[in-house]
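Asker: Mind looking over this structure? Questions follow.
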Amino acid sequence: MEPLILGLESTCDETGAALVRGTELLADVVASSMDEHARFGGIVPEVASRAHLEAFVPTVEEALDRAGASLSEVDGIAVASGPGLVGSLTVGVAAAKALSLALDKPLYGVNHVIGHAAVDELVHGPMPERTMALVVSGGHTSLLLVNDLATDVIELGHTLDDAAGEAFDKVGRLLGLPYPGGPHVDRLAREGDPEAIPFPRALTSAKAMQKHAYDFSFSGLKTAVARWIEAREEAGQEIPVADVAASFAAAVADVLVEKTIAACRANDVDTLVIGGGFSANSQLRELATERCERAGIDVRIPPIRYCTDNGAMIAALGSAVARRGVAPSELSIGVDSSMPLSTITV
């Protein structure tokens, strides 16, 4: 029987606990402190850390109850060691160490971002030997060549400034939408004209592609939206909020999909996994599905509930690592808020 892995997630504002055996998800429980941050218009690290402290024990207990398992049956503990907020990461890693020591079970400190790709195996089964993964969230936009999920992941490109989800939240604020702005911008975008405003596509010129073929930049796009809104307001004109949202969302999705497909072709990859909280974006899902089908690329996108931060993604990566026989982490492991994507386990 394959090992039963308990996965623990605490990189930002979600406390997650999940149990996975092989590629089968037995239970997944998430406690979010998002409502506590809403009044501040963004994540407050100290508030997030305290929320993790309060939520960890009941979240783990509920996951075990749903799976019909006890702590004594767990074969290994996987925990997100980075990247993320230092305080939040520390709470999760400390809890994982305590469980590992008390149960005398192996500990696996894993990379949160790679977990966003790993969770797809719980939905669509094992990845092909060579898979492209686009991980897009509020804090990360990364393009990964996955030769082996547990031992060989290469970062081909990343955002040079704002992540896609972060840019959506900032544009949401520009449009006067509630926090977090991303879902509200996505909703409005479905009502607007994506071709109404020709917002720029950064790092797509021939010169930029020579140095940043698979990198992304959304800060300039956010600024272009701000300048466009300011110009309309100064002229006393009404802001077509839905058209702004749709045109902005189209610019983001266009760059993400085109660069990803180019990377697939250059690396002879015909399977693409899209993960991370921003993969819930409707325009990204639709555009990726449409263009990948034309390019002969099989696109795999997990259901929305697996895209935001959760314990299932950490348990999935921990399970892959354990099944490949990768050595467990030492109890002395720390946290790394800027963990490189060349690091799968610590």
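Starting from 1 in every chain, residues are counted up; chains themselves are A, B, ... following the order of the structure tokens, and ligands are numbered from 1 as listed.
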Give me the residues within 12 Å of stretch 202-207 of chain A as a list of chain:residue names, counting only C-alpha atoms and dropping any in the same chain fewer than 6 places off.
Answerer: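 Close residues of stretch 202-207 of chain A: A:Gly157, A:His158, A:Thr159, A:Leu160, A:Asp161, A:Asp162, A:Ala213, A:Tyr214, A:Asp215, A:Phe216, A:Ser217, A:Phe218, A:Ser219, A:Gly220, A:Leu221, A:Lys222, A:Thr223, A:Ala224, A:Ala251, A:Val252, A:Ala253, A:Asp254, A:Val255, A:Leu256, A:Glu258, A:Lys259, A:Ala262.
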Asker: Distance table requested - stretch 97-173 of chain A against stretch 327-342 of chain A, cut-off 7 Å, only C-alpha atoms: one row per qualifying residue with the closest atom pair and its distance in Å to one decimal, ordered by chain and rising residue number, as a Markdown table.
Answerer:
```
| residue | atom | partner | partner_atom | distance |
| --- | --- | --- | --- | --- |
| A:Lys97 | CA | A:Leu331 | CA | 6.2 |
| A:Pro106 | CA | A:Pro328 | CA | 5.7 |
| A:Leu107 | CA | A:Ser329 | CA | 5.5 |
| A:Tyr108 | CA | A:Ser329 | CA | 5.2 |
| A:Gly109 | CA | A:Ser329 | CA | 6.1 |
| A:Val153 | CA | A:Ser342 | CA | 6.3 |
| A:Ile154 | CA | A:Ser342 | CA | 6.2 |
| A:Glu155 | CA | A:Leu341 | CA | 6.2 |
```
Asker: Residues as selected, N, CA, C and O atoms, written as a PDB file, in the first residue's frame, can you do that?
Answerer:
```pdb
ATOM      1  N   LYS A  97       7.052  19.785  12.271  1.00  0.00           N
ATOM      2  CA  LYS A  97       8.173  19.207  13.022  1.00  0.00           C
ATOM      3  C   LYS A  97       7.671  18.509  14.288  1.00  0.00           C
ATOM      4  O   LYS A  97       8.133  17.413  14.642  1.00  0.00           O
ATOM      5  N   PRO A 106       8.594  10.386   8.919  1.00  0.00           N
ATOM      6  CA  PRO A 106       9.442  11.275   8.107  1.00  0.00           C
ATOM      7  C   PRO A 106       8.762  12.609   7.796  1.00  0.00           C
ATOM      8  O   PRO A 106       7.541  12.684   7.636  1.00  0.00           O
ATOM      9  N   LEU A 107       9.601  13.634   7.710  1.00  0.00           N
ATOM     10  CA  LEU A 107       9.155  14.993   7.419  1.00  0.00           C
ATOM     11  C   LEU A 107       9.642  15.382   6.029  1.00  0.00           C
ATOM     12  O   LEU A 107      10.803  15.146   5.683  1.00  0.00           O
ATOM     13  N   TYR A 108       8.749  15.989   5.236  1.00  0.00           N
ATOM     14  CA  TYR A 108       9.129  16.447   3.898  1.00  0.00           C
ATOM     15  C   TYR A 108       8.782  17.931   3.765  1.00  0.00           C
ATOM     16  O   TYR A 108       7.608  18.300   3.690  1.00  0.00           O
ATOM     17  N   GLY A 109       9.822  18.776   3.773  1.00  0.00           N
ATOM     18  CA  GLY A 109       9.604  20.194   3.516  1.00  0.00           C
ATOM     19  C   GLY A 109       9.607  20.411   2.020  1.00  0.00           C
ATOM     20  O   GLY A 109      10.596  20.104   1.343  1.00  0.00           O
ATOM     21  N   VAL A 153      12.598  19.732 -11.769  1.00  0.00           N
ATOM     22  CA  VAL A 153      11.737  20.825 -12.213  1.00  0.00           C
ATOM     23  C   VAL A 153      12.627  22.012 -12.568  1.00  0.00           C
ATOM     24  O   VAL A 153      13.478  22.420 -11.773  1.00  0.00           O
ATOM     25  N   ILE A 154      12.452  22.562 -13.766  1.00  0.00           N
ATOM     26  CA  ILE A 154      13.271  23.680 -14.237  1.00  0.00           C
ATOM     27  C   ILE A 154      12.384  24.899 -14.442  1.00  0.00           C
ATOM     28  O   ILE A 154      11.369  24.828 -15.150  1.00  0.00           O
ATOM     29  N   GLU A 155      12.767  26.017 -13.831  1.00  0.00           N
ATOM     30  CA  GLU A 155      12.025  27.257 -14.045  1.00  0.00           C
ATOM     31  C   GLU A 155      12.500  27.915 -15.333  1.00  0.00           C
ATOM     32  O   GLU A 155      13.652  28.322 -15.440  1.00  0.00           O
TER      33      GLU A 155
END
```
Asker: Please identify every residue of stretch 253-330 of chain A that has at least one atom no farther than 12 Å from an atom of stretch 132-141 of chain A, counting only C-alpha atoms, and for each give the shortest atom pair and the distance in Å to one decimal, arranged by chain then increasing number, as JSON lines.
Answerer:
```
{"residue": "A:Ala253", "atom": "CA", "partner": "A:Val136", "partner_atom": "CA", "distance": 10.7}
{"residue": "A:Val255", "atom": "CA", "partner": "A:Thr141", "partner_atom": "CA", "distance": 11.7}
{"residue": "A:Leu256", "atom": "CA", "partner": "A:Leu134", "partner_atom": "CA", "distance": 8.4}
{"residue": "A:Val257", "atom": "CA", "partner": "A:Leu134", "partner_atom": "CA", "distance": 9.1}
{"residue": "A:Glu258", "atom": "CA", "partner": "A:Leu134", "partner_atom": "CA", "distance": 11.6}
{"residue": "A:Lys259", "atom": "CA", "partner": "A:Leu134", "partner_atom": "CA", "distance": 10.1}
{"residue": "A:Thr260", "atom": "CA", "partner": "A:Leu134", "partner_atom": "CA", "distance": 7.2}
{"residue": "A:Ile261", "atom": "CA", "partner": "A:Met132", "partner_atom": "CA", "distance": 9.2}
{"residue": "A:Ala262", "atom": "CA", "partner": "A:Met132", "partner_atom": "CA", "distance": 10.8}
{"residue": "A:Ala263", "atom": "CA", "partner": "A:Met132", "partner_atom": "CA", "distance": 8.0}
{"residue": "A:Cys264", "atom": "CA", "partner": "A:Met132", "partner_atom": "CA", "distance": 6.5}
{"residue": "A:Arg265", "atom": "CA", "partner": "A:Met132", "partner_atom": "CA", "distance": 10.2}
{"residue": "A:Ala266", "atom": "CA", "partner": "A:Met132", "partner_atom": "CA", "distance": 11.1}
{"residue": "A:Asn267", "atom": "CA", "partner": "A:Met132", "partner_atom": "CA", "distance": 8.9}
{"residue": "A:Asp268", "atom": "CA", "partner": "A:Met132", "partner_atom": "CA", "distance": 9.8}
{"residue": "A:Val269", "atom": "CA", "partner": "A:Met132", "partner_atom": "CA", "distance": 6.7}
{"residue": "A:Asp270", "atom": "CA", "partner": "A:Met132", "partner_atom": "CA", "distance": 8.0}
{"residue": "A:Thr271", "atom": "CA", "partner": "A:Met132", "partner_atom": "CA", "distance": 6.3}
{"residue": "A:Leu272", "atom": "CA", "partner": "A:Met132", "partner_atom": "CA", "distance": 4.8}
{"residue": "A:Val273", "atom": "CA", "partner": "A:Ala133", "partner_atom": "CA", "distance": 4.7}
{"residue": "A:Ile274", "atom": "CA", "partner": "A:Leu134", "partner_atom": "CA", "distance": 4.8}
{"residue": "A:Gly275", "atom": "CA", "partner": "A:Val135", "partner_atom": "CA", "distance": 4.8}
{"residue": "A:Gly276", "atom": "CA", "partner": "A:Ser137", "partner_atom": "CA", "distance": 4.9}
{"residue": "A:Gly277", "atom": "CA", "partner": "A:Ser137", "partner_atom": "CA", "distance": 4.6}
{"residue": "A:Phe278", "atom": "CA", "partner": "A:Ser137", "partner_atom": "CA", "distance": 4.6}
{"residue": "A:Ser279", "atom": "CA", "partner": "A:Val136", "partner_atom": "CA", "distance": 6.2}
{"residue": "A:Ala280", "atom": "CA", "partner": "A:Ser137", "partner_atom": "CA", "distance": 9.3}
{"residue": "A:Asn281", "atom": "CA", "partner": "A:Val136", "partner_atom": "CA", "distance": 9.9}
{"residue": "A:Leu284", "atom": "CA", "partner": "A:Val136", "partner_atom": "CA", "distance": 10.2}
{"residue": "A:Arg285", "atom": "CA", "partner": "A:Val136", "partner_atom": "CA", "distance": 11.7}
{"residue": "A:Ala288", "atom": "CA", "partner": "A:Leu134", "partner_atom": "CA", "distance": 10.7}
{"residue": "A:Ile297", "atom": "CA", "partner": "A:Met132", "partner_atom": "CA", "distance": 10.1}
{"residue": "A:Asp298", "atom": "CA", "partner": "A:Met132", "partner_atom": "CA", "distance": 10.3}
{"residue": "A:Val299", "atom": "CA", "partner": "A:Met132", "partner_atom": "CA", "distance": 9.5}
{"residue": "A:Arg300", "atom": "CA", "partner": "A:Ala133", "partner_atom": "CA", "distance": 9.4}
{"residue": "A:Ile301", "atom": "CA", "partner": "A:Leu134", "partner_atom": "CA", "distance": 9.9}
{"residue": "A:Pro302", "atom": "CA", "partner": "A:Val135", "partner_atom": "CA", "distance": 11.8}
{"residue": "A:Cys307", "atom": "CA", "partner": "A:Ser137", "partner_atom": "CA", "distance": 8.7}
{"residue": "A:Thr308", "atom": "CA", "partner": "A:Ser137", "partner_atom": "CA", "distance": 8.0}
{"residue": "A:Asp309", "atom": "CA", "partner": "A:Ser137", "partner_atom": "CA", "distance": 9.3}
```
Asker: Which of stretch 120-307 of chain A end up as strand (DSSP E or B) when DSSP is run on this backbone - answer as a count of residues only?
Answerer: 31
Asker: What lies within 7 Å of A:Asp169 using only C-alpha atoms, ignoring chain neighbours under 3 positions off, as a list of chain:residue names?
Answerer: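 Returned residues: A:Gly165, A:Glu166, A:Gly172, A:Arg173, A:Pro180, A:Gly181, A:Gly182.
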Asker: Given the selection you just returned, output its residues as a file containing all heavy atoms, formatted as a tab-separated table (two decimals), in the first residue's frame.
Answerer:
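What ended up in selection-v7.tsv:
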```
chain	number	residue	atom	x	y	z
A	165	GLY	N	-2.07	37.64	-10.44
A	165	GLY	CA	-3.13	37.85	-9.46
A	165	GLY	C	-2.98	39.17	-8.72
A	165	GLY	O	-3.96	39.86	-8.42
A	166	GLU	N	-1.74	39.54	-8.43
A	166	GLU	CA	-1.46	40.80	-7.76
A	166	GLU	C	-1.90	41.97	-8.64
A	166	GLU	O	-2.48	42.95	-8.15
A	166	GLU	CB	0.04	40.89	-7.45
A	166	GLU	CG	0.47	42.13	-6.71
A	166	GLU	CD	1.98	42.19	-6.50
A	166	GLU	OE1	2.69	41.30	-7.03
A	166	GLU	OE2	2.43	43.12	-5.82
A	172	GLY	N	-8.30	46.10	-9.55
A	172	GLY	CA	-9.57	46.12	-8.83
A	172	GLY	C	-9.69	47.36	-7.95
A	172	GLY	O	-10.75	48.00	-7.89
A	173	ARG	N	-8.58	47.72	-7.28
A	173	ARG	CA	-8.59	48.92	-6.43
A	173	ARG	C	-8.77	50.18	-7.29
A	173	ARG	O	-9.47	51.11	-6.90
A	173	ARG	CB	-7.31	49.01	-5.62
A	173	ARG	CG	-7.28	48.07	-4.43
A	173	ARG	CD	-6.24	48.50	-3.40
A	173	ARG	NE	-4.88	48.33	-3.87
A	173	ARG	CZ	-4.18	47.20	-3.72
A	173	ARG	NH1	-4.74	46.15	-3.14
A	173	ARG	NH2	-2.94	47.12	-4.15
A	180	PRO	N	-10.66	40.93	-2.09
A	180	PRO	CA	-9.67	40.97	-3.16
A	180	PRO	C	-10.32	41.28	-4.50
A	180	PRO	O	-11.39	40.77	-4.82
A	180	PRO	CB	-9.07	39.55	-3.13
A	180	PRO	CG	-10.19	38.69	-2.61
A	180	PRO	CD	-10.94	39.54	-1.63
A	181	GLY	N	-9.62	42.10	-5.28
A	181	GLY	CA	-10.22	42.60	-6.52
A	181	GLY	C	-10.28	41.60	-7.65
A	181	GLY	O	-11.12	41.73	-8.56
A	182	GLY	N	-9.39	40.60	-7.64
A	182	GLY	CA	-9.29	39.66	-8.76
A	182	GLY	C	-10.61	39.05	-9.20
A	182	GLY	O	-11.00	39.15	-10.38
```
Asker: So the first atom is atom CA of A:Ala242 and the second is atom CA of A:Phe168; what is the distance between them in Å, to one decimal place?
Answerer: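 That distance, rounded to one decimal, is 13.6 Å.
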Asker: At what distance in Å, to one decimal, does atom CA of A:Ile344 lie from atom CA of A:Ala67?
Answerer: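 Between atom CA of A:Ala67 and atom CA of A:Ile344 the gap is 26.6 Å.
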Asker: Give me, as a list in words, all polymer residues having an atom no more than 7 Å from A:Leu6, counting only C-alpha atoms and skipping those fewer than 3 positions away in the same chain.
Answerer: Ala17, Ala18, Leu19, Val20, Val74, Gly76, Ile77, Ala78 and Ala315 of chain A
Asker: What separation in Å, quoted to one decimal, exists between atom CA of A:Ala150 and atom CA of A:Leu71?
Answerer: 24.5 Å
Asker: To test your reading of the structure, identify every residue in stretch 29-167 of chain A that backbone DSSP assigns to alpha helix (DSSP H), and report it as a PyMOL selection string.
Answerer: chain A and resi 34-38+45-67+86-103+112-118+121-124+164-167
Asker: Excluding A:Met127 and its own-chain neighbours fewer than 3 positions away, which residues fall within 9 Å of it when counting only C-alpha atoms? Please give them as a PyMOL selection string.
Answerer: chain A and resi 118+120-121+124+130-131+146+148-149+271+273
Asker: Point out the residue among A:Ser88, A:Met34, A:Asp75, A:Ala117 with the least atom-to-atom distance to A:Glu2, counting only C-alpha atoms.
Answerer: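 Nearest candidate to A:Glu2 out of A:Ser88, A:Met34, A:Asp75, A:Ala117: A:Asp75.
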Asker: Would you mind telling me which residue in A:Pro240, A:Met313, A:Gly82, A:His212 lies nearest to A:Asn111 when using only C-alpha atoms?
Answerer: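 Selected residue with least distance to A:Asn111: A:Gly82.
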Asker: Distance table requested - stretch 218-296 of chain A against stretch 187-198 of chain A, cut-off 8 Å, only C-alpha atoms: one row per qualifying residue with the closest atom pair and its distance in Å to one decimal, ordered by chain and rising residue number, as JSON lines.
Answerer:
```
{"residue": "A:Val241", "atom": "CA", "partner": "A:Leu188", "partner_atom": "CA", "distance": 7.5}
{"residue": "A:Ala242", "atom": "CA", "partner": "A:Gly192", "partner_atom": "CA", "distance": 4.4}
{"residue": "A:Asp243", "atom": "CA", "partner": "A:Gly192", "partner_atom": "CA", "distance": 4.3}
{"residue": "A:Val244", "atom": "CA", "partner": "A:Ile197", "partner_atom": "CA", "distance": 7.0}
{"residue": "A:Ala245", "atom": "CA", "partner": "A:Ala189", "partner_atom": "CA", "distance": 4.8}
{"residue": "A:Ala246", "atom": "CA", "partner": "A:Ala189", "partner_atom": "CA", "distance": 3.8}
{"residue": "A:Ser247", "atom": "CA", "partner": "A:Pro194", "partner_atom": "CA", "distance": 4.1}
{"residue": "A:Phe248", "atom": "CA", "partner": "A:Pro194", "partner_atom": "CA", "distance": 7.5}
{"residue": "A:Ala249", "atom": "CA", "partner": "A:Ala189", "partner_atom": "CA", "distance": 6.8}
{"residue": "A:Ala250", "atom": "CA", "partner": "A:Pro194", "partner_atom": "CA", "distance": 5.7}
```
Asker: Got a sec: who's within 10 Å of A:Glu36, counting only C-alpha atoms, leaving out chain neighbours fewer than 5 positions off, as an NGL selection string?
Answerer: :A and (13 or 41-44 or 47-48 or 51)
Asker: May I ask which of the residues A:Thr23, A:Ser10, A:Thr15, A:Ser142 is the closest one to A:Val86, counting only C-alpha atoms?
Answerer: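 Of all the options, A:Ser10 lies closest to A:Val86.
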